[in-house]
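The data block below is coords05.tsv; it holds TSV, N, CA and C atoms and all ligand atoms.
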chain	number	residue	atom	x	y	z
A	314	MET	N	94.09	-8.28	87.95
A	314	MET	CA	93.01	-7.29	88.14
A	314	MET	C	93.56	-6.01	88.78
A	315	PHE	N	94.42	-6.24	89.82
A	315	PHE	CA	95.00	-5.07	90.51
A	315	PHE	C	95.83	-4.23	89.53
A	316	ILE	N	96.61	-4.95	88.69
A	316	ILE	CA	97.50	-4.24	87.77
A	316	ILE	C	96.70	-3.45	86.73
A	317	ILE	N	95.57	-4.02	86.28
A	317	ILE	CA	94.72	-3.31	85.30
A	317	ILE	C	94.14	-2.04	85.94
A	318	ARG	N	93.68	-2.22	87.19
A	318	ARG	CA	93.13	-1.05	87.91
A	318	ARG	C	94.19	0.02	88.11
A	319	TRP	N	95.42	-0.43	88.41
A	319	TRP	CA	96.52	0.52	88.64
A	319	TRP	C	96.83	1.28	87.35
A	320	ILE	N	96.89	0.53	86.23
A	320	ILE	CA	97.20	1.17	84.95
A	320	ILE	C	96.10	2.18	84.59
A	321	LEU	N	94.84	1.77	84.77
A	321	LEU	CA	93.72	2.69	84.49
A	321	LEU	C	93.83	3.94	85.35
A	322	GLY	N	94.18	3.74	86.61
A	322	GLY	CA	94.33	4.86	87.54
A	322	GLY	C	95.41	5.82	87.07
A	323	GLN	N	96.54	5.26	86.59
A	323	GLN	CA	97.63	6.11	86.12
A	323	GLN	C	97.21	6.88	84.87
A	324	ILE	N	96.43	6.22	84.00
A	324	ILE	CA	95.94	6.90	82.79
A	324	ILE	C	95.02	8.07	83.18
A	325	ILE	N	94.15	7.79	84.15
A	325	ILE	CA	93.22	8.84	84.62
A	325	ILE	C	94.02	10.03	85.16
A	326	LEU	N	95.05	9.73	85.95
A	326	LEU	CA	95.86	10.81	86.54
A	326	LEU	C	96.60	11.60	85.46
A	327	LEU	N	97.09	10.88	84.44
A	327	LEU	CA	97.83	11.55	83.37
A	327	LEU	C	96.90	12.45	82.55
A	328	VAL	N	95.74	11.90	82.19
A	328	VAL	CA	94.78	12.70	81.41
A	328	VAL	C	94.34	13.92	82.22
A	329	ASN	N	94.14	13.70	83.51
A	329	ASN	CA	93.75	14.81	84.38
A	329	ASN	C	94.82	15.89	84.39
A	330	LEU	N	96.07	15.45	84.51
A	330	LEU	CA	97.18	16.40	84.57
A	330	LEU	C	97.31	17.19	83.27
A	331	LEU	N	97.07	16.50	82.15
A	331	LEU	CA	97.22	17.16	80.85
A	331	LEU	C	96.06	18.09	80.52
A	332	THR	N	94.96	17.92	81.22
A	332	THR	CA	93.77	18.71	80.88
A	332	THR	C	93.22	19.45	82.11
A	333	LEU	N	94.13	19.81	83.01
A	333	LEU	CA	93.69	20.47	84.25
A	333	LEU	C	92.84	21.71	83.94
A	334	PRO	N	91.68	21.86	84.57
A	334	PRO	CA	90.89	23.06	84.32
A	334	PRO	C	91.58	24.29	84.91
A	335	LYS	N	91.22	25.44	84.35
A	335	LYS	CA	91.82	26.69	84.83
A	335	LYS	C	91.25	27.07	86.19
A	336	LYS	N	92.11	27.61	87.03
A	336	LYS	CA	91.62	28.16	88.30
A	336	LYS	C	91.04	29.54	88.01
A	337	PRO	N	89.97	29.93	88.71
A	337	PRO	CA	89.43	31.28	88.47
A	337	PRO	C	90.39	32.33	89.03
A	338	LYS	N	90.34	33.51	88.45
A	338	LYS	CA	91.20	34.60	88.97
A	338	LYS	C	90.41	35.29	90.08
A	339	LEU	N	90.83	35.05	91.30
A	339	LEU	CA	90.12	35.63	92.44
A	339	LEU	C	91.01	36.67	93.13
A	340	THR	N	90.36	37.67	93.67
A	340	THR	CA	91.12	38.66	94.44
A	340	THR	C	91.48	38.01	95.77
A	341	ALA	N	92.40	38.63	96.49
A	341	ALA	CA	92.81	38.11	97.80
A	341	ALA	C	91.60	38.05	98.73
A	342	GLU	N	90.74	39.04	98.59
A	342	GLU	CA	89.54	39.11	99.44
A	342	GLU	C	88.58	37.95	99.11
A	343	GLN	N	88.39	37.71	97.84
A	343	GLN	CA	87.51	36.61	97.41
A	343	GLN	C	88.07	35.26	97.87
A	344	GLN	N	89.39	35.12	97.77
A	344	GLN	CA	90.03	33.88	98.21
A	344	GLN	C	89.85	33.66	99.71
A	345	ALA	N	90.04	34.74	100.45
A	345	ALA	CA	89.91	34.66	101.91
A	345	ALA	C	88.47	34.31	102.29
A	346	ASN	N	87.53	34.90	101.56
A	346	ASN	CA	86.11	34.67	101.79
A	346	ASN	C	85.75	33.20	101.54
A	347	LEU	N	86.28	32.68	100.42
A	347	LEU	CA	86.03	31.29	100.05
A	347	LEU	C	86.68	30.33	101.06
A	348	ALA	N	87.88	30.67	101.48
A	348	ALA	CA	88.60	29.83	102.46
A	348	ALA	C	87.82	29.77	103.77
A	349	GLU	N	87.24	30.90	104.14
A	349	GLU	CA	86.47	30.94	105.39
A	349	GLU	C	85.21	30.08	105.28
A	350	LYS	N	84.56	30.18	104.11
A	350	LYS	CA	83.31	29.43	103.92
A	350	LYS	C	83.53	27.93	103.77
A	351	THR	N	84.76	27.52	103.45
A	351	THR	CA	85.01	26.09	103.22
A	351	THR	C	85.90	25.47	104.30
A	352	GLN	N	86.19	26.25	105.34
A	352	GLN	CA	87.11	25.73	106.36
A	352	GLN	C	86.51	24.56	107.16
A	353	ASN	N	85.21	24.41	107.07
A	353	ASN	CA	84.54	23.31	107.80
A	353	ASN	C	84.41	22.04	106.94
A	354	LEU	N	85.02	22.07	105.76
A	354	LEU	CA	84.87	20.94	104.83
A	354	LEU	C	86.18	20.18	104.66
A	355	SER	N	86.07	18.86	104.51
A	355	SER	CA	87.24	18.08	104.12
A	355	SER	C	86.77	16.96	103.19
A	356	LEU	N	87.63	16.61	102.26
A	356	LEU	CA	87.26	15.61	101.26
A	356	LEU	C	88.03	14.32	101.48
A	357	TYR	N	87.30	13.25	101.72
A	357	TYR	CA	87.90	11.92	101.80
A	357	TYR	C	87.99	11.42	100.36
A	358	HIS	N	89.16	10.97	99.97
A	358	HIS	CA	89.35	10.65	98.56
A	358	HIS	C	90.45	9.62	98.36
A	359	LEU	N	90.63	9.25	97.09
A	359	LEU	CA	91.77	8.44	96.64
A	359	LEU	C	92.34	9.16	95.43
A	360	ASN	N	93.64	9.12	95.27
A	360	ASN	CA	94.27	9.87	94.16
A	360	ASN	C	93.71	9.51	92.80
A	361	ALA	N	93.66	8.21	92.51
A	361	ALA	CA	93.36	7.80	91.15
A	361	ALA	C	91.91	7.37	90.94
A	362	CYS	N	91.05	7.64	91.87
A	362	CYS	CA	89.63	7.29	91.72
A	362	CYS	C	88.99	8.31	90.78
A	363	PRO	N	88.36	7.85	89.69
A	363	PRO	CA	87.81	8.80	88.70
A	363	PRO	C	86.78	9.77	89.29
A	364	PHE	N	85.99	9.29	90.24
A	364	PHE	CA	84.97	10.16	90.84
A	364	PHE	C	85.63	11.24	91.72
A	365	CYS	N	86.74	10.85	92.35
A	365	CYS	CA	87.48	11.82	93.17
A	365	CYS	C	88.17	12.84	92.27
A	366	VAL	N	88.69	12.38	91.14
A	366	VAL	CA	89.33	13.29	90.19
A	366	VAL	C	88.29	14.31	89.71
A	367	LYS	N	87.09	13.81	89.43
A	367	LYS	CA	85.99	14.69	88.98
A	367	LYS	C	85.72	15.79	90.01
A	368	VAL	N	85.69	15.40	91.29
A	368	VAL	CA	85.42	16.39	92.35
A	368	VAL	C	86.60	17.36	92.49
A	369	ARG	N	87.81	16.82	92.45
A	369	ARG	CA	88.98	17.70	92.60
A	369	ARG	C	89.08	18.69	91.44
A	370	ARG	N	88.68	18.25	90.25
A	370	ARG	CA	88.68	19.16	89.09
A	370	ARG	C	87.64	20.27	89.29
A	371	ALA	N	86.48	19.89	89.82
A	371	ALA	CA	85.43	20.89	90.07
A	371	ALA	C	85.92	21.89	91.13
A	372	MET	N	86.62	21.38	92.14
A	372	MET	CA	87.16	22.27	93.17
A	372	MET	C	88.10	23.29	92.54
A	373	ARG	N	88.95	22.80	91.66
A	373	ARG	CA	89.92	23.67	90.99
A	373	ARG	C	89.20	24.75	90.16
A	374	ARG	N	88.16	24.31	89.43
A	374	ARG	CA	87.39	25.26	88.60
A	374	ARG	C	86.75	26.35	89.45
A	375	GLU	N	86.33	25.95	90.68
A	375	GLU	CA	85.66	26.90	91.57
A	375	GLU	C	86.66	27.70	92.42
A	376	GLY	N	87.93	27.29	92.38
A	376	GLY	CA	88.95	27.97	93.20
A	376	GLY	C	88.88	27.55	94.66
A	377	ILE	N	88.34	26.35	94.90
A	377	ILE	CA	88.17	25.87	96.27
A	377	ILE	C	89.32	24.93	96.65
A	378	ASP	N	89.90	25.19	97.81
A	378	ASP	CA	91.04	24.41	98.27
A	378	ASP	C	90.67	23.76	99.61
A	379	LEU	N	90.32	22.48	99.55
A	379	LEU	CA	89.87	21.81	100.79
A	379	LEU	C	90.97	20.95	101.37
A	380	GLU	N	90.81	20.59	102.63
A	380	GLU	CA	91.71	19.61	103.22
A	380	GLU	C	91.37	18.26	102.58
A	381	LEU	N	92.39	17.62	101.99
A	381	LEU	CA	92.17	16.33	101.35
A	381	LEU	C	92.62	15.22	102.28
A	382	ARG	N	91.78	14.25	102.50
A	382	ARG	CA	92.11	13.13	103.39
A	382	ARG	C	92.12	11.84	102.58
A	383	ASN	N	93.32	11.39	102.26
A	383	ASN	CA	93.47	10.19	101.44
A	383	ASN	C	93.21	8.96	102.29
A	384	ILE	N	92.22	8.15	101.89
A	384	ILE	CA	91.84	7.01	102.75
A	384	ILE	C	92.87	5.87	102.69
A	385	LYS	N	93.90	6.05	101.86
A	385	LYS	CA	94.99	5.06	101.86
A	385	LYS	C	96.00	5.36	102.96
A	386	ASP	N	95.92	6.54	103.54
A	386	ASP	CA	96.86	6.95	104.58
A	386	ASP	C	96.53	6.20	105.88
A	387	LYS	N	97.22	5.10	106.09
A	387	LYS	CA	96.93	4.22	107.23
A	387	LYS	C	97.26	4.90	108.55
A	388	THR	N	98.32	5.72	108.56
A	388	THR	CA	98.73	6.39	109.80
A	388	THR	C	97.61	7.32	110.28
A	389	ALA	N	97.03	8.04	109.33
A	389	ALA	CA	95.97	8.99	109.70
A	389	ALA	C	94.67	8.26	110.03
A	390	GLY	N	94.49	7.09	109.46
A	390	GLY	CA	93.30	6.30	109.75
A	390	GLY	C	92.01	6.87	109.16
A	391	TYR	N	92.13	7.56	108.03
A	391	TYR	CA	90.96	8.21	107.44
A	391	TYR	C	89.90	7.21	106.95
A	392	ARG	N	90.37	6.03	106.49
A	392	ARG	CA	89.40	5.05	105.99
A	392	ARG	C	88.50	4.57	107.13
A	393	ASP	N	89.12	4.24	108.25
A	393	ASP	CA	88.35	3.78	109.41
A	393	ASP	C	87.40	4.87	109.90
A	394	GLU	N	87.91	6.09	109.88
A	394	GLU	CA	87.12	7.25	110.30
A	394	GLU	C	85.88	7.41	109.41
A	395	LEU	N	86.11	7.23	108.10
A	395	LEU	CA	85.02	7.37	107.13
A	395	LEU	C	83.96	6.29	107.35
A	396	ILE	N	84.42	5.04	107.52
A	396	ILE	CA	83.46	3.94	107.73
A	396	ILE	C	82.69	4.15	109.03
A	397	ALA	N	83.42	4.49	110.07
A	397	ALA	CA	82.80	4.62	111.40
A	397	ALA	C	81.76	5.74	111.44
A	398	ASN	N	82.04	6.82	110.75
A	398	ASN	CA	81.15	7.99	110.85
A	398	ASN	C	80.24	8.20	109.65
A	399	GLY	N	80.77	7.91	108.46
A	399	GLY	CA	79.96	8.10	107.26
A	399	GLY	C	79.10	6.88	106.96
A	400	GLY	N	79.60	5.71	107.37
A	400	GLY	CA	78.82	4.48	107.18
A	400	GLY	C	79.39	3.54	106.13
A	401	LYS	N	80.25	4.05	105.24
A	401	LYS	CA	80.85	3.18	104.22
A	401	LYS	C	82.17	3.79	103.74
A	402	ALA	N	82.96	2.92	103.06
A	402	ALA	CA	84.31	3.35	102.67
A	402	ALA	C	84.36	4.01	101.30
A	403	THR	N	83.20	4.26	100.72
A	403	THR	CA	83.16	4.82	99.36
A	403	THR	C	83.70	6.26	99.33
A	404	VAL	N	84.51	6.52	98.32
A	404	VAL	CA	84.99	7.88	98.09
A	404	VAL	C	84.60	8.33	96.68
A	405	PRO	N	84.44	9.60	96.45
A	405	PRO	CA	84.67	10.70	97.36
A	405	PRO	C	83.54	10.85	98.39
A	406	CYS	N	83.91	11.44	99.52
A	406	CYS	CA	82.91	11.78	100.53
A	406	CYS	C	83.32	13.11	101.15
A	407	LEU	N	82.37	14.01	101.20
A	407	LEU	CA	82.64	15.34	101.76
A	407	LEU	C	82.17	15.37	103.22
A	408	ARG	N	83.10	15.68	104.10
A	408	ARG	CA	82.74	15.83	105.52
A	408	ARG	C	82.41	17.29	105.77
A	409	ILE	N	81.17	17.51	106.20
A	409	ILE	CA	80.70	18.88	106.42
A	409	ILE	C	80.46	19.08	107.90
A	410	GLU	N	81.32	19.89	108.50
A	410	GLU	CA	81.19	20.13	109.94
A	410	GLU	C	80.25	21.31	110.15
A	411	GLY	N	79.15	21.04	110.82
A	411	GLY	CA	78.18	22.10	111.07
A	411	GLY	C	78.49	22.78	112.38
A	412	THR	N	77.55	23.56	112.83
A	412	THR	CA	77.76	24.22	114.11
A	412	THR	C	77.59	23.19	115.23
A	413	GLY	N	78.34	23.35	116.29
A	413	GLY	CA	78.25	22.39	117.39
A	413	GLY	C	78.88	21.07	117.00
A	414	GLU	N	78.24	19.99	117.40
A	414	GLU	CA	78.80	18.65	117.17
A	414	GLU	C	78.36	18.06	115.84
A	415	GLN	N	77.46	18.75	115.16
A	415	GLN	CA	76.82	18.17	113.97
A	415	GLN	C	77.78	18.02	112.79
A	416	VAL	N	77.85	16.79	112.27
A	416	VAL	CA	78.70	16.53	111.09
A	416	VAL	C	77.89	15.76	110.06
A	417	GLU	N	77.95	16.23	108.80
A	417	GLU	CA	77.24	15.54	107.72
A	417	GLU	C	78.28	14.90	106.79
A	418	TRP	N	77.97	13.71	106.32
A	418	TRP	CA	78.88	13.01	105.41
A	418	TRP	C	78.18	12.90	104.06
A	419	LEU	N	78.68	13.63	103.08
A	419	LEU	CA	78.02	13.67	101.77
A	419	LEU	C	78.77	12.81	100.76
A	420	TYR	N	78.11	11.72	100.34
A	420	TYR	CA	78.68	10.83	99.32
A	420	TYR	C	78.13	11.27	97.96
A	421	GLU	N	78.60	10.67	96.91
A	421	GLU	CA	78.20	10.92	95.52
A	421	GLU	C	78.87	12.17	94.97
A	422	SER	N	79.75	11.93	94.01
A	422	SER	CA	80.53	13.01	93.41
A	422	SER	C	79.65	14.16	92.88
A	423	SER	N	78.56	13.81	92.21
A	423	SER	CA	77.71	14.87	91.63
A	423	SER	C	77.09	15.73	92.72
A	424	ASP	N	76.67	15.10	93.81
A	424	ASP	CA	76.08	15.87	94.92
A	424	ASP	C	77.13	16.75	95.59
A	425	ILE	N	78.35	16.23	95.70
A	425	ILE	CA	79.44	17.02	96.31
A	425	ILE	C	79.72	18.25	95.44
A	426	ILE	N	79.77	18.03	94.13
A	426	ILE	CA	80.05	19.15	93.23
A	426	ILE	C	78.94	20.21	93.31
A	427	GLU	N	77.69	19.75	93.33
A	427	GLU	CA	76.57	20.70	93.47
A	427	GLU	C	76.70	21.49	94.76
A	428	TYR	N	77.06	20.79	95.84
A	428	TYR	CA	77.21	21.45	97.15
A	428	TYR	C	78.31	22.51	97.07
A	429	LEU	N	79.44	22.14	96.47
A	429	LEU	CA	80.56	23.07	96.40
A	429	LEU	C	80.24	24.30	95.55
A	430	LYS	N	79.43	24.10	94.51
A	430	LYS	CA	79.05	25.22	93.65
A	430	LYS	C	78.18	26.23	94.42
A	431	GLU	N	77.45	25.72	95.41
A	431	GLU	CA	76.55	26.58	96.18
A	431	GLU	C	77.25	27.29	97.33
A	432	VAL	N	78.49	26.87	97.62
A	432	VAL	CA	79.20	27.41	98.78
A	432	VAL	C	79.40	28.92	98.70
A	433	ASP	N	79.70	29.40	97.48
A	433	ASP	CA	80.05	30.81	97.34
A	433	ASP	C	78.87	31.75	97.55
B	1	LIG	N1	78.48	6.99	92.44
B	1	LIG	C1	79.64	7.26	93.23
B	1	LIG	C2	80.71	6.22	92.92
B	1	LIG	C3	81.88	6.26	93.89
B	1	LIG	C4	82.76	5.03	93.77
B	1	LIG	O1	82.38	4.02	93.15
B	1	LIG	N2	83.93	5.11	94.38
B	1	LIG	C5	84.81	3.97	94.41
B	1	LIG	C6	86.25	4.42	94.13
B	1	LIG	S1	86.44	4.92	92.46
B	1	LIG	C7	84.84	3.38	95.80
B	1	LIG	O2	84.96	4.09	96.77
B	1	LIG	N3	84.69	2.06	95.89
B	1	LIG	C8	84.84	1.37	97.16
B	1	LIG	C9	83.57	1.25	97.92
B	1	LIG	O3	82.51	1.72	97.47
B	1	LIG	O4	83.64	0.68	99.01
B	1	LIG	C10	80.11	8.69	92.99
B	1	LIG	O5	79.79	9.26	91.93
B	1	LIG	O6	80.74	9.27	93.88

Just dump the structure as structure tokens.
Ligand SMILES: N[C@@H](CCC(=O)N[C@@H](CS)C(=O)NCC(=O)O)C(=O)O
Amino acid sequence: MFIIRWILGQIILLVNLLTLPKKPKLTAEQQANLAEKTQNLSLYHLNACPFCVKVRRAMRREGIDLELRNIKDKTAGYRDELIANGGKATVPCLRIEGTGEQVEWLYESSDIIEYLKEVD
């Protein structure tokens, strides 16, 4: 089962690589503006998860470059962090840091993509 999942994951990554969406042509000012508006966001993800690939492709299409937190990174402890604060280990999950101490954890790839589209 693990090997089948691994092979599927590699196929997903290969297809993704071969069909990467184009990045938008943004001016330096637009890029800086976008970076400022997204500096409070980070994406908890896995490399070969199809839903995470979907979100990362949408980010690329929008020209958004977020901090990516791979939940397989045991040293960083992102998986534990996600469970403890978001409530479950499902990825993708967008961590949205609000003003003050407020943090929102947004699950569901489609909702994350909608949110990112509205950022600009
Ligand atoms: N409906 C969700 C599905 C997300 C999902 O199933 N993610 C898988 C990885 S591909 C996962 O995190 N599974 C482990 C878990 O839910 O604990 C979405 O669109 O984001």

Atomic distance atom C of Leu429 (chain A) - atom C of Leu347 (chain A), expressed in Å with one decimal
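Interatomic distance, atom C of Leu429 (chain A) to atom C of Leu347 (chain A): 10.4 Å.
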
Using DSSP secondary structure from the backbone, list all helix (DSSP H, G or I) positions within chain A, as a short mmCIF file (atom, residue, chain, number, x, y, z; two decimals) with N, CA and C atoms, in the coordinates of the input.
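Output file selection_34.cif is given in full below:
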data_model
loop_
_atom_site.label_atom_id
_atom_site.label_comp_id
_atom_site.auth_asym_id
_atom_site.auth_seq_id
_atom_site.Cartn_x
_atom_site.Cartn_y
_atom_site.Cartn_z
N PHE A 315 94.42 -6.24 89.82
CA PHE A 315 95.00 -5.07 90.51
C PHE A 315 95.83 -4.23 89.53
N ILE A 316 96.61 -4.95 88.69
CA ILE A 316 97.50 -4.24 87.77
C ILE A 316 96.70 -3.45 86.73
N ILE A 317 95.57 -4.02 86.28
CA ILE A 317 94.72 -3.31 85.30
C ILE A 317 94.14 -2.04 85.94
N ARG A 318 93.68 -2.22 87.19
CA ARG A 318 93.13 -1.05 87.91
C ARG A 318 94.19 0.02 88.11
N TRP A 319 95.42 -0.43 88.41
CA TRP A 319 96.52 0.52 88.64
C TRP A 319 96.83 1.28 87.35
N ILE A 320 96.89 0.53 86.23
CA ILE A 320 97.20 1.17 84.95
C ILE A 320 96.10 2.18 84.59
N LEU A 321 94.84 1.77 84.77
CA LEU A 321 93.72 2.69 84.49
C LEU A 321 93.83 3.94 85.35
N GLY A 322 94.18 3.74 86.61
CA GLY A 322 94.33 4.86 87.54
C GLY A 322 95.41 5.82 87.07
N GLN A 323 96.54 5.26 86.59
CA GLN A 323 97.63 6.11 86.12
C GLN A 323 97.21 6.88 84.87
N ILE A 324 96.43 6.22 84.00
CA ILE A 324 95.94 6.90 82.79
C ILE A 324 95.02 8.07 83.18
N ILE A 325 94.15 7.79 84.15
CA ILE A 325 93.22 8.84 84.62
C ILE A 325 94.02 10.03 85.16
N LEU A 326 95.05 9.73 85.95
CA LEU A 326 95.86 10.81 86.54
C LEU A 326 96.60 11.60 85.46
N LEU A 327 97.09 10.88 84.44
CA LEU A 327 97.83 11.55 83.37
C LEU A 327 96.90 12.45 82.55
N VAL A 328 95.74 11.90 82.19
CA VAL A 328 94.78 12.70 81.41
C VAL A 328 94.34 13.92 82.22
N ASN A 329 94.14 13.70 83.51
CA ASN A 329 93.75 14.81 84.38
C ASN A 329 94.82 15.89 84.39
N LEU A 330 96.07 15.45 84.51
CA LEU A 330 97.18 16.40 84.57
C LEU A 330 97.31 17.19 83.27
N LEU A 331 97.07 16.50 82.15
CA LEU A 331 97.22 17.16 80.85
C LEU A 331 96.06 18.09 80.52
N ALA A 341 92.40 38.63 96.49
CA ALA A 341 92.81 38.11 97.80
C ALA A 341 91.60 38.05 98.73
N GLU A 342 90.74 39.04 98.59
CA GLU A 342 89.54 39.11 99.44
C GLU A 342 88.58 37.95 99.11
N GLN A 343 88.39 37.71 97.84
CA GLN A 343 87.51 36.61 97.41
C GLN A 343 88.07 35.26 97.87
N GLN A 344 89.39 35.12 97.77
CA GLN A 344 90.03 33.88 98.21
C GLN A 344 89.85 33.66 99.71
N ALA A 345 90.04 34.74 100.45
CA ALA A 345 89.91 34.66 101.91
C ALA A 345 88.47 34.31 102.29
N ASN A 346 87.53 34.90 101.56
CA ASN A 346 86.11 34.67 101.79
C ASN A 346 85.75 33.20 101.54
N LEU A 347 86.28 32.68 100.42
CA LEU A 347 86.03 31.29 100.05
C LEU A 347 86.68 30.33 101.06
N ALA A 348 87.88 30.67 101.48
CA ALA A 348 88.60 29.83 102.46
C ALA A 348 87.82 29.77 103.77
N GLU A 349 87.24 30.90 104.14
CA GLU A 349 86.47 30.94 105.39
C GLU A 349 85.21 30.08 105.28
N LYS A 350 84.56 30.18 104.11
CA LYS A 350 83.31 29.43 103.92
C LYS A 350 83.53 27.93 103.77
N PRO A 363 88.36 7.85 89.69
CA PRO A 363 87.81 8.80 88.70
C PRO A 363 86.78 9.77 89.29
N PHE A 364 85.99 9.29 90.24
CA PHE A 364 84.97 10.16 90.84
C PHE A 364 85.63 11.24 91.72
N CYS A 365 86.74 10.85 92.35
CA CYS A 365 87.48 11.82 93.17
C CYS A 365 88.17 12.84 92.27
N VAL A 366 88.69 12.38 91.14
CA VAL A 366 89.33 13.29 90.19
C VAL A 366 88.29 14.31 89.71
N LYS A 367 87.09 13.81 89.43
CA LYS A 367 85.99 14.69 88.98
C LYS A 367 85.72 15.79 90.01
N VAL A 368 85.69 15.40 91.29
CA VAL A 368 85.42 16.39 92.35
C VAL A 368 86.60 17.36 92.49
N ARG A 369 87.81 16.82 92.45
CA ARG A 369 88.98 17.70 92.60
C ARG A 369 89.08 18.69 91.44
N ARG A 370 88.68 18.25 90.25
CA ARG A 370 88.68 19.16 89.09
C ARG A 370 87.64 20.27 89.29
N ALA A 371 86.48 19.89 89.82
CA ALA A 371 85.43 20.89 90.07
C ALA A 371 85.92 21.89 91.13
N MET A 372 86.62 21.38 92.14
CA MET A 372 87.16 22.27 93.17
C MET A 372 88.10 23.29 92.54
N ARG A 373 88.95 22.80 91.66
CA ARG A 373 89.92 23.67 90.99
C ARG A 373 89.20 24.75 90.16
N ARG A 374 88.16 24.31 89.43
CA ARG A 374 87.39 25.26 88.60
C ARG A 374 86.75 26.35 89.45
N GLU A 375 86.33 25.95 90.68
CA GLU A 375 85.66 26.90 91.57
C GLU A 375 86.66 27.70 92.42
N TYR A 391 92.13 7.56 108.03
CA TYR A 391 90.96 8.21 107.44
C TYR A 391 89.90 7.21 106.95
N ARG A 392 90.37 6.03 106.49
CA ARG A 392 89.40 5.05 105.99
C ARG A 392 88.50 4.57 107.13
N ASP A 393 89.12 4.24 108.25
CA ASP A 393 88.35 3.78 109.41
C ASP A 393 87.40 4.87 109.90
N GLU A 394 87.91 6.09 109.88
CA GLU A 394 87.12 7.25 110.30
C GLU A 394 85.88 7.41 109.41
N LEU A 395 86.11 7.23 108.10
CA LEU A 395 85.02 7.37 107.13
C LEU A 395 83.96 6.29 107.35
N ILE A 396 84.42 5.04 107.52
CA ILE A 396 83.46 3.94 107.73
C ILE A 396 82.69 4.15 109.03
N ALA A 397 83.42 4.49 110.07
CA ALA A 397 82.80 4.62 111.40
C ALA A 397 81.76 5.74 111.44
N ASN A 398 82.04 6.82 110.75
CA ASN A 398 81.15 7.99 110.85
C ASN A 398 80.24 8.20 109.65
N GLY A 399 80.77 7.91 108.46
CA GLY A 399 79.96 8.10 107.26
C GLY A 399 79.10 6.88 106.96
N SER A 422 79.75 11.93 94.01
CA SER A 422 80.53 13.01 93.41
C SER A 422 79.65 14.16 92.88
N SER A 423 78.56 13.81 92.21
CA SER A 423 77.71 14.87 91.63
C SER A 423 77.09 15.73 92.72
N ASP A 424 76.67 15.10 93.81
CA ASP A 424 76.08 15.87 94.92
C ASP A 424 77.13 16.75 95.59
N ILE A 425 78.35 16.23 95.70
CA ILE A 425 79.44 17.02 96.31
C ILE A 425 79.72 18.25 95.44
N ILE A 426 79.77 18.03 94.13
CA ILE A 426 80.05 19.15 93.23
C ILE A 426 78.94 20.21 93.31
N GLU A 427 77.69 19.75 93.33
CA GLU A 427 76.57 20.70 93.47
C GLU A 427 76.70 21.49 94.76
N TYR A 428 77.06 20.79 95.84
CA TYR A 428 77.21 21.45 97.15
C TYR A 428 78.31 22.51 97.07
N LEU A 429 79.44 22.14 96.47
CA LEU A 429 80.56 23.07 96.40
C LEU A 429 80.24 24.30 95.55
N LYS A 430 79.43 24.10 94.51
CA LYS A 430 79.05 25.22 93.65
C LYS A 430 78.18 26.23 94.42
N GLU A 431 77.45 25.72 95.41
CA GLU A 431 76.55 26.58 96.18
C GLU A 431 77.25 27.29 97.33
N VAL A 432 78.49 26.87 97.62
CA VAL A 432 79.20 27.41 98.78
C VAL A 432 79.40 28.92 98.70
#

Just give me the gap between CA of Gly376 (chain A) and atom N of Thr351 (chain A) in Å, one decimal is fine.
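Separation between CA of Gly376 (chain A) and atom N of Thr351 (chain A): 11.1 Å.
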
For the atom pair CA of Ser422 (chain A) and atom N of Arg373 (chain A), what is the interatomic distance in Å to one decimal place?
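These atoms are spaced 13.0 Å apart.
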
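Nearest residue to ligand LIG 1 (chain B), choosing from A:Leu381, A:Ile426, A:Ala402, A:Met372 and counting only C-alpha atoms and all ligand atoms: A:Ala402.
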
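Comparing the minimum interatomic distances between Gly390 (chain A) and each of A:Tyr357, A:Cys362, A:Leu407, A:Leu419, counting only C-alpha atoms, we find that A:Tyr357 sits nearest.
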
With all atoms listed in the file as the basis for distance, which of A:Asn398, A:Gln415, A:Asn360, A:Thr403 is at the shortest distance from Lys385 (chain A)?
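Answer, going by the shortest atom-to-atom distance: A:Asn360.
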
Report as a VMD selection string which protein, DNA and RNA residues come within 6.5 Å of ligand LIG 1 (chain B), using all atoms listed in the file.
chain A and resid 361 to 365 401 to 405 420 to 423

Going by DSSP on the backbone, which residues of chain A come out as strand (DSSP E or B)? List them as a PyMOL selection string.
chain A and resi 354-358+380-383+406-410+416-420

Name the residues in contact with Lys338 (chain A) at a cut-off of 12 Å, using only C-alpha atoms, excluding same-chain residues fewer than 2 positions from it; report them as a CSV table (one decimal) with N, CA and C atoms, in the coordinates of the input.
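Output file out39.csv follows:
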chain,number,residue,atom,x,y,z
A,335,LYS,N,91.2,25.4,84.4
A,335,LYS,CA,91.8,26.7,84.8
A,335,LYS,C,91.2,27.1,86.2
A,336,LYS,N,92.1,27.6,87.0
A,336,LYS,CA,91.6,28.2,88.3
A,336,LYS,C,91.0,29.5,88.0
A,340,THR,N,90.4,37.7,93.7
A,340,THR,CA,91.1,38.7,94.4
A,340,THR,C,91.5,38.0,95.8
A,341,ALA,N,92.4,38.6,96.5
A,341,ALA,CA,92.8,38.1,97.8
A,341,ALA,C,91.6,38.0,98.7
A,342,GLU,N,90.7,39.0,98.6
A,342,GLU,CA,89.5,39.1,99.4
A,342,GLU,C,88.6,38.0,99.1
A,343,GLN,N,88.4,37.7,97.8
A,343,GLN,CA,87.5,36.6,97.4
A,343,GLN,C,88.1,35.3,97.9
A,344,GLN,N,89.4,35.1,97.8
A,344,GLN,CA,90.0,33.9,98.2
A,344,GLN,C,89.8,33.7,99.7
A,373,ARG,N,89.0,22.8,91.7
A,373,ARG,CA,89.9,23.7,91.0
A,373,ARG,C,89.2,24.8,90.2
A,374,ARG,N,88.2,24.3,89.4
A,374,ARG,CA,87.4,25.3,88.6
A,374,ARG,C,86.8,26.4,89.4
A,375,GLU,N,86.3,26.0,90.7
A,375,GLU,CA,85.7,26.9,91.6
A,375,GLU,C,86.7,27.7,92.4
A,376,GLY,N,87.9,27.3,92.4
A,376,GLY,CA,89.0,28.0,93.2
A,376,GLY,C,88.9,27.6,94.7
A,377,ILE,N,88.3,26.4,94.9
A,377,ILE,CA,88.2,25.9,96.3
A,377,ILE,C,89.3,24.9,96.6
